[in-house]
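**Student:** One file is attached below, start.txt, containing compact mmCIF, C-alpha atoms.
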# COMPACT_ATOMS: atom_id res chain seq x y z
CA MET A 1 -26.65 -10.22 -25.10
CA SER A 2 -28.68 -10.41 -21.89
CA SER A 3 -27.59 -14.00 -21.24
CA ALA A 4 -23.92 -12.98 -21.68
CA ILE A 5 -24.37 -10.16 -19.16
CA VAL A 6 -26.04 -12.51 -16.68
CA ALA A 7 -23.20 -15.01 -17.12
CA ARG A 8 -20.58 -12.31 -16.43
CA LEU A 9 -22.48 -11.13 -13.37
CA ARG A 10 -22.56 -14.68 -12.04
CA GLN A 11 -18.86 -15.06 -12.66
CA HIS A 12 -17.94 -11.78 -10.98
CA TRP A 13 -20.66 -11.63 -8.33
CA PRO A 14 -18.20 -10.98 -5.45
CA VAL A 15 -17.00 -7.81 -7.20
CA VAL A 16 -20.60 -6.74 -7.87
CA LEU A 17 -21.49 -7.41 -4.23
CA LEU A 18 -18.49 -5.39 -2.99
CA ALA A 19 -19.37 -2.49 -5.28
CA THR A 20 -23.00 -2.58 -4.09
CA LEU A 21 -22.00 -2.61 -0.42
CA LEU A 22 -19.55 0.24 -0.93
CA ALA A 23 -22.16 2.30 -2.77
CA ALA A 24 -24.69 1.65 -0.02
CA GLY A 25 -22.16 2.57 2.64
CA LEU A 26 -21.30 5.80 0.86
CA ALA A 27 -24.93 6.77 0.41
CA ALA A 28 -26.08 5.86 3.93
CA PRO A 29 -24.74 8.95 5.78
CA LEU A 30 -26.53 11.31 3.40
CA ALA A 31 -29.67 9.19 3.09
CA THR A 32 -30.11 8.92 6.86
CA GLY A 33 -29.25 12.56 7.52
CA VAL A 34 -26.31 11.65 9.76
CA ALA A 35 -23.95 13.89 7.79
CA THR A 36 -24.30 17.13 5.92
CA THR A 37 -23.05 17.25 2.34
CA GLY A 38 -20.03 19.30 3.35
CA PHE A 39 -18.97 16.90 6.12
CA PHE A 40 -19.64 13.92 3.83
CA LEU A 41 -17.27 15.34 1.20
CA GLU A 42 -14.71 16.14 3.88
CA VAL A 43 -14.61 12.52 5.07
CA LEU A 44 -14.60 11.25 1.47
CA LEU A 45 -11.62 13.41 0.49
CA GLY A 46 -9.76 12.39 3.64
CA GLY A 47 -10.30 8.73 2.78
CA LEU A 48 -9.14 9.20 -0.81
CA MET A 49 -5.98 11.00 0.30
CA ALA A 50 -5.17 8.24 2.81
CA GLY A 51 -5.94 5.63 0.15
CA VAL A 52 -3.36 7.08 -2.22
CA LEU A 53 -0.66 6.55 0.43
CA TYR A 54 -1.84 2.98 1.00
CA SER A 55 -1.66 2.35 -2.75
CA LEU A 56 1.95 3.49 -2.83
CA VAL A 57 3.01 1.02 -0.15
CA ALA A 58 0.88 -1.72 -1.73
CA LEU A 59 2.83 -1.28 -4.96
CA GLY A 60 5.95 -2.41 -3.10
CA PHE A 61 4.19 -5.63 -2.10
CA VAL A 62 2.79 -6.20 -5.59
CA LEU A 63 6.05 -5.64 -7.46
CA ILE A 64 8.05 -8.01 -5.28
CA TYR A 65 5.30 -10.63 -5.34
CA LYS A 66 5.18 -10.43 -9.14
CA ALA A 67 8.94 -10.99 -9.32
CA SER A 68 9.39 -13.67 -6.66
CA GLY A 69 5.92 -15.00 -5.81
CA VAL A 70 6.24 -14.21 -2.09
CA PHE A 71 4.83 -11.67 0.35
CA ASN A 72 7.49 -9.13 1.27
CA PHE A 73 6.91 -8.74 4.99
CA ALA A 74 10.01 -6.53 5.08
CA GLN A 75 8.22 -3.67 3.27
CA GLY A 76 7.16 -2.03 6.54
CA ALA A 77 10.69 -2.29 7.92
CA MET A 78 12.01 -0.81 4.66
CA VAL A 79 9.72 2.21 5.12
CA LEU A 80 11.02 2.66 8.66
CA PHE A 81 14.69 2.23 7.73
CA ALA A 82 14.48 4.67 4.80
CA ALA A 83 12.72 7.28 6.94
CA LEU A 84 15.22 6.85 9.80
CA ALA A 85 18.17 7.18 7.44
CA THR A 86 16.76 10.35 5.89
CA ALA A 87 15.87 11.95 9.23
CA ARG A 88 19.28 11.33 10.80
CA LEU A 89 21.26 12.30 7.69
CA ALA A 90 19.17 15.48 7.37
CA GLU A 91 20.61 16.61 10.72
CA HIS A 92 23.95 17.12 8.95
CA MET A 93 22.98 18.08 5.38
CA PRO A 94 20.06 19.40 3.28
CA LEU A 95 16.98 17.18 3.22
CA ALA A 96 17.17 16.58 -0.55
CA LEU A 97 20.75 15.30 -0.27
CA ALA A 98 19.82 13.17 2.73
CA ALA A 99 16.93 11.62 0.79
CA ALA A 100 19.23 10.94 -2.19
CA LEU A 101 21.75 9.19 0.06
CA ALA A 102 18.93 7.20 1.68
CA LEU A 103 17.82 6.11 -1.80
CA LEU A 104 21.36 4.93 -2.56
CA LEU A 105 21.28 2.95 0.68
CA MET A 106 18.01 1.30 -0.37
CA ILE A 107 19.45 0.43 -3.79
CA GLY A 108 22.52 -1.04 -2.10
CA PHE A 109 20.16 -2.97 0.18
CA ALA A 110 18.41 -4.34 -2.92
CA VAL A 111 21.73 -5.58 -4.34
CA ILE A 112 22.62 -7.25 -1.03
CA VAL A 113 19.21 -8.94 -0.80
CA GLU A 114 19.55 -10.29 -4.34
CA ARG A 115 23.09 -11.58 -3.77
CA LEU A 116 22.74 -13.00 -0.26
CA VAL A 117 19.08 -14.00 -0.04
CA LEU A 118 17.26 -14.35 -3.37
CA ARG A 119 20.02 -15.91 -5.48
CA PRO A 120 20.71 -18.78 -3.04
CA LEU A 121 16.96 -19.43 -2.74
CA VAL A 122 16.21 -19.74 -6.46
CA ASN A 123 13.83 -22.68 -7.07
CA GLN A 124 13.17 -23.04 -3.35
CA SER A 125 9.67 -23.15 -1.90
CA ALA A 126 7.57 -20.02 -1.32
CA VAL A 127 7.72 -20.73 2.42
CA ALA A 128 11.51 -20.37 2.36
CA LEU A 129 11.24 -17.00 0.62
CA LEU A 130 8.52 -15.91 3.03
CA MET A 131 10.70 -16.74 6.03
CA ALA A 132 13.57 -14.89 4.35
CA THR A 133 11.53 -11.68 4.14
CA LEU A 134 10.55 -12.05 7.80
CA GLY A 135 14.24 -12.38 8.65
CA ILE A 136 15.05 -9.32 6.54
CA SER A 137 12.33 -7.37 8.36
CA THR A 138 13.67 -8.26 11.80
CA PHE A 139 17.23 -7.49 10.74
CA LEU A 140 16.33 -4.09 9.26
CA GLU A 141 14.45 -2.99 12.37
CA GLY A 142 17.27 -4.03 14.68
CA PHE A 143 20.02 -2.70 12.41
CA GLY A 144 18.15 0.60 11.96
CA GLN A 145 17.85 0.99 15.72
CA ALA A 146 21.56 0.22 16.19
CA VAL A 147 22.73 2.67 13.50
CA TRP A 148 20.20 5.52 13.62
CA GLY A 149 18.81 5.34 17.18
CA ASN A 150 15.34 4.71 18.53
CA ASP A 151 14.02 8.17 19.38
CA ILE A 152 11.26 10.00 17.53
CA TYR A 153 12.80 12.09 14.77
CA ARG A 154 11.34 14.91 12.71
CA ILE A 155 11.23 15.29 8.94
CA ASP A 156 10.19 18.68 7.58
CA LEU A 157 9.17 18.44 3.93
CA GLY A 158 8.11 22.09 3.85
CA LEU A 159 4.47 21.17 3.29
CA PRO A 160 1.89 23.59 4.70
CA LYS A 161 0.51 22.42 8.03
CA GLU A 162 -2.49 24.76 8.27
CA PRO A 163 -5.78 23.30 7.00
CA MET A 164 -7.91 25.19 4.52
CA ILE A 165 -11.67 25.57 4.22
CA VAL A 166 -13.19 25.34 0.74
CA GLY A 167 -16.77 25.59 -0.47
CA ALA A 168 -17.87 27.73 2.47
CA GLN A 169 -20.41 29.55 0.27
CA ARG A 170 -22.00 26.33 -0.96
CA PHE A 171 -21.82 24.11 2.15
CA ALA A 172 -22.55 25.14 5.70
CA GLY A 173 -19.22 25.39 7.51
CA GLY A 174 -17.31 24.53 4.33
CA ILE A 175 -15.06 21.52 3.75
CA LEU A 176 -11.96 21.26 5.95
CA ILE A 177 -8.97 19.91 4.00
CA SER A 178 -5.45 19.35 5.28
CA ARG A 179 -3.04 21.17 2.98
CA GLU A 180 -0.27 18.75 3.94
CA ASP A 181 -2.37 15.68 3.13
CA LEU A 182 -3.56 17.20 -0.14
CA ALA A 183 -0.06 18.09 -1.33
CA ALA A 184 1.28 14.68 -0.33
CA ALA A 185 -1.64 12.90 -2.03
CA ILE A 186 -1.08 14.80 -5.29
CA VAL A 187 2.64 14.00 -5.38
CA VAL A 188 2.17 10.38 -4.33
CA GLY A 189 -0.77 9.93 -6.73
CA ALA A 190 1.36 11.14 -9.64
CA LEU A 191 4.16 8.79 -8.58
CA VAL A 192 1.77 5.84 -8.35
CA LEU A 193 0.48 6.50 -11.88
CA VAL A 194 4.02 6.83 -13.26
CA LEU A 195 5.08 3.57 -11.63
CA GLY A 196 1.94 1.85 -12.88
CA LEU A 197 2.56 2.99 -16.45
CA PHE A 198 6.24 2.10 -16.22
CA PHE A 199 5.58 -1.50 -15.25
CA GLN A 200 2.65 -1.89 -17.66
CA LYS A 201 4.11 -0.30 -20.79
CA THR A 202 7.92 -0.61 -20.71
CA ALA A 203 10.22 -3.49 -21.61
CA THR A 204 11.20 -3.83 -17.94
CA GLY A 205 7.56 -4.18 -17.03
CA ARG A 206 7.05 -6.89 -19.64
CA ALA A 207 10.13 -8.70 -18.37
CA LEU A 208 8.75 -8.46 -14.86
CA ARG A 209 5.47 -10.05 -15.94
CA ALA A 210 7.40 -12.83 -17.70
CA VAL A 211 9.40 -13.53 -14.53
CA ALA A 212 6.20 -13.54 -12.50
CA ASP A 213 4.56 -16.10 -14.82
CA ASP A 214 7.50 -18.54 -14.92
CA HIS A 215 10.99 -17.45 -13.88
CA LEU A 216 12.60 -20.59 -15.35
CA ALA A 217 11.01 -19.92 -18.76
CA ALA A 218 11.98 -16.26 -18.48
CA GLN A 219 15.59 -17.24 -17.88
CA ALA A 220 15.43 -19.63 -20.85
CA ILE A 221 14.53 -16.79 -23.24
CA GLY A 222 17.33 -14.57 -21.95
CA ILE A 223 15.66 -12.41 -19.30
CA PRO A 224 18.26 -11.73 -16.58
CA LEU A 225 16.43 -12.84 -13.46
CA ASN A 226 19.01 -11.41 -11.07
CA ARG A 227 18.85 -7.95 -12.66
CA ILE A 228 15.04 -7.98 -12.56
CA TRP A 229 15.12 -8.79 -8.85
CA VAL A 230 17.55 -5.93 -8.16
CA ILE A 231 15.35 -3.51 -10.13
CA VAL A 232 12.19 -4.60 -8.35
CA TRP A 233 13.70 -4.42 -4.86
CA SER A 234 15.24 -1.03 -5.73
CA VAL A 235 11.84 0.30 -6.80
CA ALA A 236 10.33 -1.14 -3.63
CA GLY A 237 13.04 0.71 -1.69
CA PHE A 238 12.21 3.94 -3.52
CA VAL A 239 8.52 3.43 -2.72
CA ALA A 240 9.44 2.80 0.92
CA LEU A 241 11.48 5.99 1.00
CA ILE A 242 8.64 8.16 -0.33
CA ALA A 243 6.14 6.55 2.04
CA GLY A 244 8.55 7.01 4.95
CA LEU A 245 9.05 10.70 4.11
CA VAL A 246 5.32 11.39 3.89
CA TRP A 247 4.31 9.46 7.01
CA GLY A 248 7.41 10.63 8.88
CA SER A 249 6.44 14.22 8.17
CA LYS A 250 2.93 13.60 9.55
CA LEU A 251 3.60 11.25 12.47
CA GLY A 252 7.28 11.68 13.19
CA VAL A 253 9.86 9.01 12.36
CA GLN A 254 9.32 6.30 14.94
CA PHE A 255 9.23 2.53 15.02
CA SER A 256 5.43 2.42 14.73
CA LEU A 257 5.91 3.45 11.07
CA SER A 258 6.64 -0.16 10.17
CA GLN A 259 3.20 -1.16 11.48
CA VAL A 260 1.47 1.71 9.68
CA ALA A 261 3.16 0.69 6.44
CA LEU A 262 1.82 -2.86 6.76
CA LYS A 263 -1.61 -1.40 5.98
CA GLY A 264 -0.48 -1.75 2.38
CA LEU A 265 -0.64 -5.55 2.70
CA PRO A 266 -4.47 -5.86 2.84
CA VAL A 267 -4.62 -3.27 0.05
CA ALA A 268 -2.43 -5.43 -2.17
CA ILE A 269 -4.41 -8.57 -1.31
CA LEU A 270 -7.74 -6.88 -2.03
CA GLY A 271 -6.61 -5.56 -5.40
CA GLY A 272 -4.85 -8.79 -6.35
CA LEU A 273 -1.22 -9.54 -5.58
CA THR A 274 -0.29 -9.59 -9.27
CA SER A 275 -2.14 -6.42 -10.30
CA VAL A 276 -0.68 -2.91 -10.25
CA PRO A 277 -4.08 -1.29 -11.07
CA GLY A 278 -5.58 -3.45 -8.32
CA ALA A 279 -3.15 -1.95 -5.79
CA ILE A 280 -4.28 1.53 -6.80
CA LEU A 281 -8.01 0.78 -6.65
CA GLY A 282 -7.65 -1.32 -3.50
CA GLY A 283 -5.93 1.56 -1.72
CA LEU A 284 -8.73 3.96 -2.58
CA ILE A 285 -11.40 1.47 -1.49
CA ILE A 286 -9.77 0.78 1.86
CA GLY A 287 -8.85 4.42 2.46
CA VAL A 288 -12.42 5.59 1.94
CA GLY A 289 -13.95 2.54 3.63
CA GLU A 290 -11.99 2.87 6.85
CA LYS A 291 -12.65 6.61 7.13
CA PHE A 292 -16.39 6.11 6.69
CA ALA A 293 -16.35 3.17 9.10
CA GLU A 294 -14.49 5.18 11.75
CA VAL A 295 -16.61 8.32 11.46
CA PHE A 296 -20.09 6.95 10.73
CA LEU A 297 -20.19 3.21 11.50
CA GLY A 298 -18.33 3.68 14.77
CA GLN A 299 -20.89 6.20 15.99
CA ALA A 300 -23.77 3.92 14.97
CA LEU A 301 -22.28 0.87 16.74
CA ALA A 302 -21.61 2.90 19.87
CA ARG A 303 -25.22 4.11 19.86
CA TRP A 304 -26.84 0.75 19.10
CA PHE A 305 -24.76 -1.47 21.37
CA HIS A 306 -23.66 1.06 24.00
CA LEU A 307 -20.01 0.70 23.05
CA GLU A 308 -17.24 3.18 23.65
CA GLY A 309 -16.66 3.52 19.89
CA GLY A 310 -13.46 4.24 18.01
CA GLY A 311 -10.67 2.02 16.75
CA ILE A 312 -12.52 0.67 13.70
CA GLU A 313 -9.97 2.33 11.43
CA GLN A 314 -7.27 0.01 12.82
CA TRP A 315 -8.91 -3.27 11.84
CA PHE A 316 -11.45 -2.42 9.12
CA ALA A 317 -9.07 -3.14 6.22
CA TYR A 318 -8.20 -6.62 7.49
CA VAL A 319 -11.83 -7.62 8.14
CA LEU A 320 -12.90 -6.35 4.70
CA VAL A 321 -10.13 -8.29 2.97
CA LEU A 322 -10.83 -11.44 4.98
CA ALA A 323 -14.52 -11.36 4.04
CA PHE A 324 -13.74 -10.71 0.37
CA LEU A 325 -11.12 -13.47 0.16
CA LEU A 326 -13.66 -16.02 1.35
CA VAL A 327 -15.56 -15.59 -1.92
CA ARG A 328 -12.78 -14.38 -4.28
CA PRO A 329 -9.34 -15.56 -3.14
CA GLU A 330 -7.49 -13.96 -6.05
CA GLY A 331 -8.67 -10.44 -5.19
CA LEU A 332 -10.27 -7.91 -7.52
CA PHE A 333 -7.84 -8.20 -10.44
CA GLY A 334 -5.55 -11.05 -9.42
CA GLU A 335 -4.94 -14.11 -11.56
CA ARG A 336 -6.95 -17.20 -10.73
CA HIS A 337 -4.79 -20.31 -10.33
CA ILE A 338 -6.33 -23.68 -11.06
CA ASP A 339 -4.40 -26.81 -10.12
CA ARG A 340 -5.45 -29.85 -12.16
CA VAL A 341 -5.25 -33.24 -10.47
Mind turning this structure into structure tokens?

**Tutor:**
Amino acid sequence: MSSAIVARLRQHWPVVLLATLLAAGLAAPLATGVATTGFFLEVLLGGLMAGVLYSLVALGFVLIYKASGVFNFAQGAMVLFAALATARLAEHMPLALAAALALLLMIGFAVIVERLVLRPLVNQSAVALLMATLGISTFLEGFGQAVWGNDIYRIDLGLPKEPMIVGAQRFAGGILISREDLAAAIVVGALVLVLGLFFQKTATGRALRAVADDHLAAQAIGIPLNRIWVIVWSVAGFVALIAGLVWGSKLGVQFSLSQVALKGLPVAILGGLTSVPGAILGGLIIGVGEKFAEVFLGQALARWFHLEGGGIEQWFAYVLVLAFLLVRPEGLFGERHIDRV
């Protein structure tokens, strides 16, 4: 038994190392006395709530990669376009109706992508598909600006803006929690779990996995590849809409949303581009990691090296993923590909 455990540890040592480093990073603020327990929990909850949003966007990357084997660099532009459509339509009708119409637009966009982009590129190289998603991204951003405008627009989801303080009797000063972030995280977390179960347990999910493994074999056994692509891009559009509503409510609907949404890309890579559970766990890891790095590591670096501090939150996810990919290219739960020569 012990030899089997040692063998598994050797096989998965990058995951063990990542878990050890994360545990050490979480424990360091309390162990060194830099943070009180209340402030520690406040930062931890903030990271988890941000991580849930990252997981949602990462699902869009994962689902499209599973269906077509290519990074969807248009996911950020899809978030922006869906949010812009909702914000401008909401100026003339109730928000719920505007969001429903925006969802129909995203489904129509999925049909157009399948007909005009994916279908002609069947059996083409991954590079061709990658360039196609870059073209889609550029088109969506320009088309969105032409149709909806380029100002900063407001989306009011009716979420409470005032923060609340909990645990004041147990922790000095209590724990400050954003009501808006908490409500959004609960809704988005439930949606992420539903989507995860849908693609893991349903017939559509099994068909998606078959297409991801070998789309030619999937077609041979009667799986309609074109319909699967439309479904996947429609779900990615729905994910983009929800992410755009949440971030648009917090930051305002502006063109920087497409860059914020791209934070889901390192999340998907860390979890494994073919793994829905990996997208969920990767989002939580990066959400918590970047909050702790910004609040605690940034202060330490500024003190040790006389730096100005700040900004770590912008690049932490990419550095973490780069370091992890050097030792485990397939990510936490991705499939390892071995080419025999």

**Student:** Which residues are near Ile155 in chain A? Cut-off 12 Å, only C-alpha atoms, ignore same chain within fewer than 3 positions. Put them as a ChimeraX atom specification.

**Tutor:** /A:82-91,94-96,98-99,152,158-159,242,244-254

**Student:** Expressed in Å to a single decimal, how great is the separation between CA of Glu114 in chain A and CA of Val230 in chain A?

**Tutor:**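 Between these atoms lies a distance of 6.1 Å.
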
**Student:** Which one of A:Leu270, A:Leu45, A:Ile231, A:Ala128 sits closest to Arg179 in chain A if you count all atoms listed in the file?

**Tutor:**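 Of all the options, A:Leu45 lies closest to Arg179 in chain A.
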
**Student:** Point out the residue among A:Arg206, A:Lys201, A:Lys291, A:Arg154 with the least atom-to-atom distance to Glu42 in chain A, counting only C-alpha atoms.

**Tutor:**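 Residue with the minimum atom-to-atom distance to Glu42 in chain A: A:Lys291.
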
**Student:** Using only C-alpha atoms, can you tell me which of A:Leu332, A:Ala220, A:Val319, A:Ala184 comes closest to Leu56 in chain A?

**Tutor:**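 Of all the options, A:Ala184 lies closest to Leu56 in chain A.
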
**Student:** Could you check which residues have any atom within 10 Å of (-14.6, 20.0, 12.3), counting all atoms listed in the file with coordinates taken straight from the file, and then list them as a PyMOL selection string?

**Tutor:** chain A and resi 39+42+173-176

**Student:** Can you tell me, as a ChimeraX atom specification, what residues are no more than 10 Å from Ala58 in chain A when counting only C-alpha atoms, ignoring any on the same chain fewer than 6 positions away?

**Tutor:** /A:52,75,236,239,261-269,271,273,276,278-280,282-283

**Student:** Find the residue from A:Ile228, A:Leu281, A:Ile286, A:Ala243 that sits nearest to Thr204 in chain A; use only C-alpha atoms when measuring.

**Tutor:**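 Closest candidate: A:Ile228.
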
**Student:** Between CA of Val188 in chain A and CA of Ser55 in chain A, measure the distance and give it in Å to one decimal.

**Tutor:** 9.0 Å

**Student:** With all atoms listed in the file as the basis for distance, which of A:Phe73, A:Trp13, A:Tyr318, A:Trp233 is at the shortest distance from Met131 in chain A?

**Tutor:** A:Phe73

**Student:** One decimal, Å: what's the distance from CA of Gly237 in chain A over to CA of Glu330 in chain A, could you say?

**Tutor:**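 Rounded to one decimal, the two atoms are 25.6 Å apart.
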
**Student:** Determine, counting all atoms listed in the file, which protein, DNA and RNA residues have an atom within 9 Å of an atom of Ile285 in chain A; residues of the same chain fewer than 6 positions away are not included. Present the result as a PyMOL selection string.

**Tutor:** chain A and resi 22+47-48+51+267

**Student:** So, counting all atoms listed in the file, which residue among A:Ala146, A:Val113, A:Ala100, A:Ala317 is closest to Val232 in chain A?

**Tutor:**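 Smallest separation from Val232 in chain A among the options: A:Val113.
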
**Student:** So which residues touch Ala210 in chain A within 10 Å, counting only C-alpha atoms, skipping near sequence neighbours fewer than 4 positions away, as number ranges by chain?

**Tutor:** A: 66-67, 204-206, 214-219, 221, 223, 225

**Student:** Write out as JSON, numbers by chain each polymer residue whose atoms come within 12 Å of Ala28 in chain A, counting all atoms listed in the file; drop sequence neighbours fewer than 2 positions from it.

**Tutor:** {"A": [21, 22, 23, 24, 25, 26, 30, 31, 32, 33, 34, 35, 36, 37, 40, 292, 293, 296, 297, 300]}
